[in-house]
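The structure under discussion appears below in the form of structure tokens.
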Amino acid sequence: MTGSGNGPLTGVRVVELAGIGPGPFAAMLLADLGADVVRIDRPGGPGLAVDPAYDLTNRNKRSVLIDLKAEDGPPRVLDLVERADILVEGYRPGVAERLGVGPGECLARNPKLVYGRMTGWGQDGPLAARAGHDIAYIAVTGTLGMIGRPDEGPTVPANLVGDYAGGSLYLVVGVLAALQHARTTGEGQVVDAAIVDGAAHLTTMIHGMLAAGGWQDRRGANLLDGGCPFYGTYQTSDGEYMAVGSLEQRFYDEFIRLMGLDAVAPARKDMARWDELRTAITERFRTRTREEWTAVFEGSDACVAPVLSLREAPAHPHLAARATFVEHGGLTQPAPAPRFSATPGSVRRPPALPGADTAEVARDWGVPELAAAQNAAAGNTAAGNTAAGNTTAENTAAANAVAEHAEPTEENHR
């Protein structure tokens with residue numbers, strides 16, 4: 001899935017106003033699916049000191065430099081908007097409007113445009129104007145409080161549940177649904193994707209179970225949150241872990257048999273003896289290494305798997321056979337997902353360096369004024385990068401300098 005296959009969104013044009021977190025990830029998903037994503041980078045960078053050459057959320061994109069606070073900045077963005085199908089921005093509410101690239105200006109220029117807005121709190125409500133990050137958004141939705149051991153504080157699930165699951169994925173679903181509507185009716189619209197909304201939506205099944213009395217409103221006490229002894233993780237003799245998900249009776253029976261616990265394991269449904277069962281499983285897992293237990297459960301339906309690290313995961317036999325991870329430009333990275341039989345996606349381009357593709361985008365999108373609109377310093381850097389093919393050490397050094405001197409601004413604190 002490297003270098004071949006353009007994806008089902010081939011021909012869809014996306015303008016991304018550079019930000020941090022879920023907005024860039026959502027735009028990467030669109031790019032992985034074949035969309036032509038042009039990222040509008042600001043002089044000075046997006047606000048995080050990340051070497052752009054390693055920012056995989058900017059793969060399959062192209063970058064131009066536009067200073068939205070300069071007089072000619074907004075008109076250049078609107079020139080691109082006029083030719084785009086989707087716009088993605090992750091500013092605080094009202095910032096895009098103040099910069100002159102809000103929904104009013106963009107939809108006036110292109111009535112079919114889908115204007116995707118990615119924020120944590122949403123476009124309205126008491127907290128809409130307040131800064132925030134993933135952990136706060138999942139905290140107030142009840143999502144964070146579900147995760148972790150009952151005798152400890154909530155476990156922080158990186159920024160996967162809020163930023164990417166509750167944020168990026170919902171934005172992508174939203175803009176693609178709105179794109180279908182726009183192509184059917186000619187009517188564009190604004191998509192308000194708030195992480196609090198998406199994170200809350202992810203708990204729909206749990207709320208149903210809660211209402212039915214099948215879920216306790218406390219962590220570590222339920223079937224799917226580690227409260228169940230046959231759905232959780234256990235340490236092995238070498239300090240590694242195995243994950244157990246033997247929920248159904250037949251899977252549980254096979255798990256108990258392979259663990260060699262037939263004689264001592266209490267009945268699966270006897271919740272009064274779950275602590276006893278957990279102790280027996282814990283003690284047995286500590287008798288062998290993770291590798292040895294992996295071999296025990298190989299080929300079984302016990303629903304047990306080794307807990308691998310990020311560096312170990314690409315070498316797992318199943319993931320390797322499916323090419324779940326690919327290498328492009330010397331970087332090992334997750335392959336585009338999901339997969340399509342007729343229009344597969346692929347990793348076609350390395351992470352876009354800020355401003356490196358200005359001339360190319362100006363040509364392909366029919367906006368010749370774009371390259372000329374760069375400020376002198378940024379324009380010279382972008383022109384040098386483009387002429388050299390984005391491969392020289394000077395290009396990387398220039399991109400690093402942009403990132404290292406960036407400071408957070410109101411625009412990218414969602």
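Ligands are numbered from 1 in the order shown, residues from 1 within each chain, and chains are lettered A, B, ... in the order they appear in the structure tokens.
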Item to check | All strand (DSSP E or B) positions in region 107-228 of chain A, as a ChimeraX atom specification | outcome: /A:114-119,189-194
Item to check | Which residue of A:Ser246, A:Thr324, A:Thr279, A:Ser168 approaches Ser300 (chain A) most closely, using only C-alpha atoms | outcome: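 Among A:Ser246, A:Thr324, A:Thr279, A:Ser168, it is A:Ser246 that comes nearest to Ser300 (chain A).
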Proximity of region 97-171 of chain A to region 69-77 of chain A: per-residue shortest pair, 12 Å limit, only C-alpha atoms, as CSV:
```
residue,atom,partner,partner_atom,distance
A:Glu97,CA,A:Pro74,CA,10.5
A:Arg98,CA,A:Lys69,CA,9.5
A:Leu99,CA,A:Lys69,CA,6.6
A:Gly100,CA,A:Pro74,CA,5.8
A:Val101,CA,A:Pro74,CA,6.1
A:Gly102,CA,A:Pro74,CA,9.9
A:Glu105,CA,A:Pro74,CA,9.6
A:Cys106,CA,A:Val77,CA,9.0
A:Arg109,CA,A:Pro75,CA,10.4
```
Next on the checklist: Would you pick out the contacts of region 200-205 of chain A at 9 Å or less, using only C-alpha atoms, so that residues sharing its chain but fewer than 5 positions from it are not included, and give the list as an MDAnalysis selection string?
Outcome noted: chainID A and resid 138 141:143 161 165:166 195 210
Item to check | Two-atom distance - CA of Gly299 (chain A), CA of Gly226 (chain A) (Å) | outcome: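 Atom-to-atom, CA of Gly299 (chain A) and CA of Gly226 (chain A) are spaced 24.6 Å apart.
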Item to check | Which of A:Ile40, A:Met259, A:Ala265, A:Gly116 sits closest to Ala295 (chain A) [using only C-alpha atoms] | outcome: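 Closest to Ala295 (chain A) of all the choices is A:Met259.
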Item to check | Nearest residue to Ile66 (chain A) from the set A:Ile135, A:Val114, A:Leu17, A:Ala96 (distances using only C-alpha atoms) | outcome: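 The closest residue to Ile66 (chain A) is A:Leu17.
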Checklist entry - If you count only C-alpha atoms, which residues fall within 9 Å of Pro336 (chain A), apart from same-chain ones fewer than 3 positions away, as number ranges by chain? => result A: 1, 29, 32-33, 324-325, 339, 344-347
Next on the checklist: If DSSP is run on the backbone, what residues of region 214-283 of chain A are helix (DSSP H, G or I)? A reply as a VMD selection string would be ideal.
Outcome noted: chain A and resid 249 to 259 271 to 283
Item to check | 12 Å contact set for Pro111 (chain A), only C-alpha atoms, chain neighbours under 2 positions out, as a PyMOL selection string | outcome: chain A and resi 81-86+103-109+113-115+179+182-183+185-190
Selected residues written out, N, CA, C and O atoms, as a compact mmCIF listing (two decimals), in the first residue's frame:
```txt
# COMPACT_ATOMS: atom_id res chain seq x y z
N VAL A 81 -10.28 28.11 -2.03
CA VAL A 81 -11.61 27.69 -1.60
C VAL A 81 -12.57 27.63 -2.79
O VAL A 81 -13.41 26.73 -2.88
N GLU A 82 -12.44 28.57 -3.68
CA GLU A 82 -13.32 28.60 -4.86
C GLU A 82 -13.21 27.32 -5.68
O GLU A 82 -14.17 26.92 -6.35
N ARG A 83 -12.07 26.67 -5.61
CA ARG A 83 -11.81 25.47 -6.41
C ARG A 83 -11.89 24.18 -5.58
O ARG A 83 -11.63 23.10 -6.08
N ALA A 84 -12.24 24.31 -4.30
CA ALA A 84 -12.22 23.16 -3.39
C ALA A 84 -13.61 22.56 -3.20
O ALA A 84 -14.63 23.20 -3.47
N ASP A 85 -13.63 21.34 -2.69
CA ASP A 85 -14.88 20.68 -2.29
C ASP A 85 -15.08 20.75 -0.78
O ASP A 85 -16.21 20.82 -0.30
N ILE A 86 -13.97 20.69 -0.04
CA ILE A 86 -14.02 20.63 1.43
C ILE A 86 -12.97 21.58 2.00
O ILE A 86 -11.87 21.71 1.44
N PRO A 103 -17.02 30.71 7.45
CA PRO A 103 -18.02 30.11 6.56
C PRO A 103 -18.72 31.13 5.67
O PRO A 103 -19.02 30.82 4.51
N GLY A 104 -18.98 32.33 6.19
CA GLY A 104 -19.66 33.33 5.37
C GLY A 104 -18.89 33.68 4.12
O GLY A 104 -19.42 33.64 3.00
N GLU A 105 -17.61 34.00 4.30
CA GLU A 105 -16.78 34.37 3.15
C GLU A 105 -16.57 33.19 2.21
O GLU A 105 -16.62 33.34 0.98
N CYS A 106 -16.32 32.02 2.79
CA CYS A 106 -16.01 30.85 1.96
C CYS A 106 -17.23 30.37 1.17
O CYS A 106 -17.13 30.05 -0.02
N LEU A 107 -18.38 30.29 1.82
CA LEU A 107 -19.58 29.82 1.12
C LEU A 107 -20.09 30.85 0.12
O LEU A 107 -20.72 30.49 -0.89
N ALA A 108 -19.82 32.13 0.37
CA ALA A 108 -20.17 33.15 -0.63
C ALA A 108 -19.34 32.96 -1.89
O ALA A 108 -19.82 33.17 -3.01
N ARG A 109 -18.11 32.57 -1.70
CA ARG A 109 -17.21 32.34 -2.84
C ARG A 109 -17.50 31.00 -3.52
O ARG A 109 -17.35 30.86 -4.74
N LEU A 113 -19.33 24.44 -1.14
CA LEU A 113 -18.26 24.04 -0.23
C LEU A 113 -18.80 23.38 1.03
O LEU A 113 -19.79 23.81 1.61
N VAL A 114 -18.11 22.32 1.47
CA VAL A 114 -18.35 21.73 2.78
C VAL A 114 -17.30 22.30 3.72
O VAL A 114 -16.10 22.09 3.53
N TYR A 115 -17.75 23.04 4.72
CA TYR A 115 -16.86 23.75 5.63
C TYR A 115 -16.80 22.97 6.95
O TYR A 115 -17.70 23.02 7.77
N LEU A 179 -20.58 16.25 1.78
CA LEU A 179 -20.13 16.29 0.38
C LEU A 179 -21.13 15.57 -0.51
O LEU A 179 -21.44 16.03 -1.63
N ALA A 182 -23.94 17.92 -0.95
CA ALA A 182 -23.58 19.03 -1.83
C ALA A 182 -23.58 18.60 -3.29
O ALA A 182 -24.03 19.35 -4.17
N ARG A 183 -23.13 17.40 -3.54
CA ARG A 183 -23.08 16.93 -4.93
C ARG A 183 -24.47 16.57 -5.46
O ARG A 183 -24.71 16.59 -6.66
N THR A 185 -27.37 18.17 -4.28
CA THR A 185 -28.25 19.34 -4.27
C THR A 185 -27.57 20.64 -4.69
O THR A 185 -28.26 21.63 -4.96
N GLY A 186 -26.24 20.64 -4.72
CA GLY A 186 -25.53 21.88 -5.01
C GLY A 186 -25.40 22.79 -3.81
O GLY A 186 -24.94 23.93 -3.93
N GLU A 187 -25.79 22.30 -2.64
CA GLU A 187 -25.81 23.11 -1.43
C GLU A 187 -24.71 22.70 -0.47
O GLU A 187 -24.69 21.58 0.04
N GLY A 188 -23.78 23.62 -0.21
CA GLY A 188 -22.76 23.37 0.78
C GLY A 188 -23.29 23.65 2.17
O GLY A 188 -24.42 24.12 2.35
N GLN A 189 -22.48 23.36 3.20
CA GLN A 189 -22.91 23.62 4.56
C GLN A 189 -21.72 23.55 5.51
O GLN A 189 -20.61 23.17 5.13
N VAL A 190 -21.98 23.92 6.77
CA VAL A 190 -20.96 23.88 7.81
C VAL A 190 -21.14 22.61 8.64
O VAL A 190 -22.26 22.27 9.04
```
Next on the checklist: If we count only C-alpha atoms and set the cut-off at 8 Å, which residues sit around Gly220 (chain A), ignoring sequence neighbours fewer than 3 positions away in its own chain? Please answer as a list in words.
Outcome noted: Met146, Ile147, Gly148, Arg149, Pro150, Asp225, Gly226, Gly227 and Cys228 of chain A
For the residues selected in the previous step, produce a file with all heavy atoms as a CSV table (one decimal), in the first residue's frame.
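Listing of out-v6.csv after writing:
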```csv
chain,number,residue,atom,x,y,z
A,146,MET,N,-14.6,6.2,32.9
A,146,MET,CA,-14.9,4.8,32.7
A,146,MET,C,-13.6,3.9,32.6
A,146,MET,O,-13.7,2.7,32.8
A,146,MET,CB,-15.6,4.5,31.3
A,146,MET,CG,-17.0,5.1,31.2
A,146,MET,SD,-17.6,5.0,29.5
A,146,MET,CE,-17.2,3.3,29.1
A,147,ILE,N,-12.5,4.6,32.4
A,147,ILE,CA,-11.3,3.8,32.0
A,147,ILE,C,-10.3,3.8,33.2
A,147,ILE,O,-9.9,4.8,33.7
A,147,ILE,CB,-10.6,4.5,30.8
A,147,ILE,CG1,-11.6,4.7,29.7
A,147,ILE,CG2,-9.4,3.7,30.4
A,147,ILE,CD1,-11.0,5.5,28.5
A,148,GLY,N,-9.9,2.6,33.6
A,148,GLY,CA,-8.9,2.4,34.7
A,148,GLY,C,-9.4,1.4,35.7
A,148,GLY,O,-10.5,0.9,35.7
A,149,ARG,N,-8.5,1.2,36.7
A,149,ARG,CA,-8.8,0.3,37.8
A,149,ARG,C,-9.7,1.0,38.9
A,149,ARG,O,-9.7,2.3,39.0
A,149,ARG,CB,-7.5,-0.1,38.5
A,149,ARG,CG,-6.6,-0.9,37.6
A,149,ARG,CD,-5.3,-1.2,38.3
A,149,ARG,NE,-5.5,-1.8,39.6
A,149,ARG,CZ,-5.6,-3.1,39.8
A,149,ARG,NH1,-5.6,-4.0,38.7
A,149,ARG,NH2,-5.7,-3.6,41.0
A,150,PRO,N,-10.5,0.3,39.6
A,150,PRO,CA,-11.5,0.9,40.5
A,150,PRO,C,-10.8,1.5,41.7
A,150,PRO,O,-11.3,2.5,42.3
A,150,PRO,CB,-12.3,-0.3,41.0
A,150,PRO,CG,-11.5,-1.5,40.7
A,150,PRO,CD,-10.7,-1.2,39.5
A,225,ASP,N,-14.8,-3.3,31.0
A,225,ASP,CA,-13.8,-2.3,31.5
A,225,ASP,C,-12.8,-2.8,32.5
A,225,ASP,O,-12.2,-2.1,33.3
A,225,ASP,CB,-14.6,-1.2,32.2
A,225,ASP,CG,-15.4,-1.6,33.5
A,225,ASP,OD1,-15.3,-2.8,33.8
A,225,ASP,OD2,-16.0,-0.8,34.2
A,226,GLY,N,-12.5,-4.1,32.4
A,226,GLY,CA,-11.5,-4.7,33.3
A,226,GLY,C,-12.1,-5.3,34.6
A,226,GLY,O,-11.4,-5.9,35.4
A,227,GLY,N,-13.4,-5.1,34.8
A,227,GLY,CA,-14.0,-5.7,36.0
A,227,GLY,C,-14.2,-7.2,35.9
A,227,GLY,O,-14.3,-7.9,36.9
A,228,CYS,N,-14.2,-7.7,34.7
A,228,CYS,CA,-14.4,-9.1,34.5
A,228,CYS,C,-13.1,-9.8,34.4
A,228,CYS,O,-12.2,-9.4,33.6
A,228,CYS,CB,-15.2,-9.3,33.2
A,228,CYS,SG,-15.3,-10.9,32.6
```
Item to check | Contact residues around Gly23 (chain A) with only C-alpha atoms at 12 Å, ignoring same-chain residues under 5 positions, as an MDAnalysis selection string | outcome: chainID A and resid 15:18 28:30 39 46 57:58 87:91 116:120 163:172 193:195 412:414
Checklist entry - Quick one: of A:Leu160, A:Ala221, A:Val50, A:Leu56, who's nearest to Thr332 (chain A), counting only C-alpha atoms? => result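 Once distances to Thr332 (chain A) are computed over only C-alpha atoms, the minimum belongs to A:Leu56.
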Next on the checklist: I'd like to know which of A:Asp217, A:Glu248, A:Asp357, A:Glu291 is closest to Leu65 (chain A), using only C-alpha atoms.
Outcome noted: A:Asp357
Checklist entry - Nearest to Arg348 (chain A): which of A:Gly214, A:Gly19, A:Pro43, A:Gly34 is it, counting only C-alpha atoms? => result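 Among the listed residues, the smallest separation from Arg348 (chain A) belongs to A:Gly34.
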